[in-house]
Amino acid sequence: MPNFSPQELAAQLKSGLLSFPVTHFTEDLQFDEAGYRDHLSWLSTYPVAGLFAAGGTGEGFSLTAAEIDQVVRVAVGEVNGRVPVVAPATGGTATAVAQAQAAEAAGADGLLLMPPYLTEAGQAGLVEHVSAVCRATNLGVIVYSRANAILNDRSVAALADRNENLVGFKDGVGSIEHLTRIYASVGDRLAYIGGLPTAETFALPLLQLGMSTYSSAIFNFVPQYALDFYADVRAQNREAVYRRIREFVIPYLDIRDRQKGYAVSIIKAGLAAVGRPAGPVRPPLQNLTDGELAELTALISKIS
């Protein structure tokens, strides 16, 4: 049984910052369970509203189904009900349904439904995909709208009406008109989560569109800074938010944008920089160069 009903999950996620922990690997790219447990134990000393296991930052795209199940079970056991654990559902509809059912069996509290693998699809097909996953589980479902699965306002309204356990909408697009249309259609029926890379960059303007929380990747290695940034956003302290953007976020983005995939790689580099290494990233991602790691380490030291 999950610790949070779908409605409780939505309320909880809206209440604070969200953690998307990296998945630890050994040097030969195997799952490092001990390192992952230690990381979750450290992060759990900081107050967050939810933990998303094996998500994008957690390299869920590079994990086998068996590894995803293992990572989710480890997270559920380590967190032990303190905050909701949200598991991924990925790939085509049949695969996503199987992962949803496995996550429920593993004790997860919710699902983050990723875009279907590779193929393009129309809105009607996406609605059927999301609905099939919602029907397959009693868990609360958050749909991630991005890439080849961008849901328009009519689709989101139809899904919210059809599926009681669809409780969240994570945005990976950042279009003000798109989000305004969706909020105008369904209002507070859903919890809204910012899901753009380095979500802190967009957090203040998106707050005005009902997006009270976001996925903080930097929480992995500068958790207190991430929480302080979030507090400034919620307080709508523009001066403090833009000071933090100038002093850290923009130079951080300058490093992140040098290679495709660095949005994930730079998080593991950040952990190495603070003395809590999480191992390498799996191909096709690349690790930061030694020079970039040194640059990132110097940047982190300025805010520590």
# chains A, B, ... in the order shown; residues from 1 in each chain; ligands from 1
>>> residues_around(residues="segment 198-205 of chain A", least_positions_apart="6", cutoff="10 Å", atoms="only C-alpha atoms", output="MDAnalysis selection string")
chainID A and resid 172 174 176 211:218 226 229:230 232:238 241:242 244:245 249:250 252:253 256 263:264
>>> write_last_selection(atoms="C-alpha atoms", output="mmCIF file, in the first residue's frame")
data_model
loop_
_atom_site.group_PDB
_atom_site.id
_atom_site.type_symbol
_atom_site.label_atom_id
_atom_site.label_comp_id
_atom_site.auth_asym_id
_atom_site.auth_seq_id
_atom_site.Cartn_x
_atom_site.Cartn_y
_atom_site.Cartn_z
ATOM 1 C CA GLY A 172 9.081 20.428 -20.142
ATOM 2 C CA GLY A 174 8.057 26.472 -20.898
ATOM 3 C CA ILE A 176 3.581 30.801 -21.288
ATOM 4 C CA MET A 211 3.537 26.187 -10.880
ATOM 5 C CA SER A 212 4.343 26.149 -7.177
ATOM 6 C CA THR A 213 7.185 23.655 -7.390
ATOM 7 C CA TYR A 214 9.813 22.232 -9.695
ATOM 8 C CA SER A 215 12.358 19.465 -10.086
ATOM 9 C CA SER A 216 15.618 20.686 -8.587
ATOM 10 C CA ALA A 217 18.609 18.793 -9.945
ATOM 11 C CA ILE A 218 21.105 21.021 -8.115
ATOM 12 C CA ALA A 226 18.526 24.889 -3.617
ATOM 13 C CA PHE A 229 16.538 29.568 -3.744
ATOM 14 C CA TYR A 230 13.111 27.914 -3.606
ATOM 15 C CA ASP A 232 13.084 33.135 -2.321
ATOM 16 C CA VAL A 233 10.928 32.082 -5.279
ATOM 17 C CA ARG A 234 7.917 31.291 -3.100
ATOM 18 C CA ALA A 235 8.355 34.606 -1.286
ATOM 19 C CA GLN A 236 8.573 36.292 -4.715
ATOM 20 C CA ASN A 237 11.781 37.967 -3.590
ATOM 21 C CA ARG A 238 12.893 39.076 -7.036
ATOM 22 C CA VAL A 241 16.276 35.267 -6.909
ATOM 23 C CA TYR A 242 18.083 37.291 -9.546
ATOM 24 C CA ARG A 244 21.337 33.931 -7.068
ATOM 25 C CA ILE A 245 20.809 33.599 -10.814
ATOM 26 C CA VAL A 249 22.832 29.811 -12.112
ATOM 27 C CA ILE A 250 24.063 31.680 -15.199
ATOM 28 C CA TYR A 252 26.474 27.099 -14.140
ATOM 29 C CA LEU A 253 24.377 27.180 -17.319
ATOM 30 C CA ARG A 256 26.002 22.925 -18.769
ATOM 31 C CA ALA A 263 22.266 18.779 -17.851
ATOM 32 C CA VAL A 264 22.639 15.345 -16.229
#
>>> select_by_dssp(residues="segment 102-251 of chain A", states="alpha helix (DSSP H)", output="ChimeraX atom specification")
/A:102-106,123-135,153-162,176-186,203-207,223-234,238-244,250-251
>>> residues_around(residues="Pro115 of chain A", least_positions_apart="4", cutoff="9 Å", atoms="only C-alpha atoms", output="PyMOL selection string")
chain A and resi 89-92+126+143-150
>>> select_by_dssp(residues="segment 79-165 of chain A", states="strand (DSSP E or B)", output="list in words")
Val85, Val86, Ala87, Pro88, Ala89, Gly110, Leu111, Leu112, Leu113, Gly140, Val141, Ile142, Val143, Tyr144 and Ser145 of chain A
>>> residues_around(residues="segment 137-141 of chain A", least_positions_apart="4", cutoff="12 Å", atoms="only C-alpha atoms", output="ChimeraX atom specification")
/A:1-13,84-89,96-114,130-133,159-160,163-170,190-191
>>> closest_atom_pairs(of="segment 150-239 of chain A", to="segment 274-297 of chain A", cutoff="12 Å", atoms="only C-alpha atoms", output="tab-separated table")
residue	atom	partner	partner_atom	distance
A:Ile218	CA	A:Val274	CA	11.9
A:Asn220	CA	A:Arg276	CA	9.8
A:Phe221	CA	A:Val274	CA	6.8
A:Val222	CA	A:Val274	CA	8.3
A:Pro223	CA	A:Val274	CA	11.2
>>> write_last_selection(atoms="N, CA and C atoms", output="compact mmCIF listing (two decimals), in the first residue's frame")
# COMPACT_ATOMS: atom_id res chain seq x y z
N ILE A 218 19.97 20.55 -8.91
CA ILE A 218 21.10 21.02 -8.12
C ILE A 218 20.96 20.68 -6.64
N ASN A 220 20.83 17.94 -5.53
CA ASN A 220 21.70 16.80 -5.32
C ASN A 220 23.01 17.17 -4.64
N PHE A 221 23.59 18.32 -5.00
CA PHE A 221 24.93 18.62 -4.48
C PHE A 221 25.02 19.92 -3.68
N VAL A 222 24.04 20.82 -3.81
CA VAL A 222 23.98 22.01 -2.95
C VAL A 222 22.56 22.11 -2.39
N PRO A 223 22.17 21.16 -1.55
CA PRO A 223 20.78 21.09 -1.11
C PRO A 223 20.28 22.32 -0.37
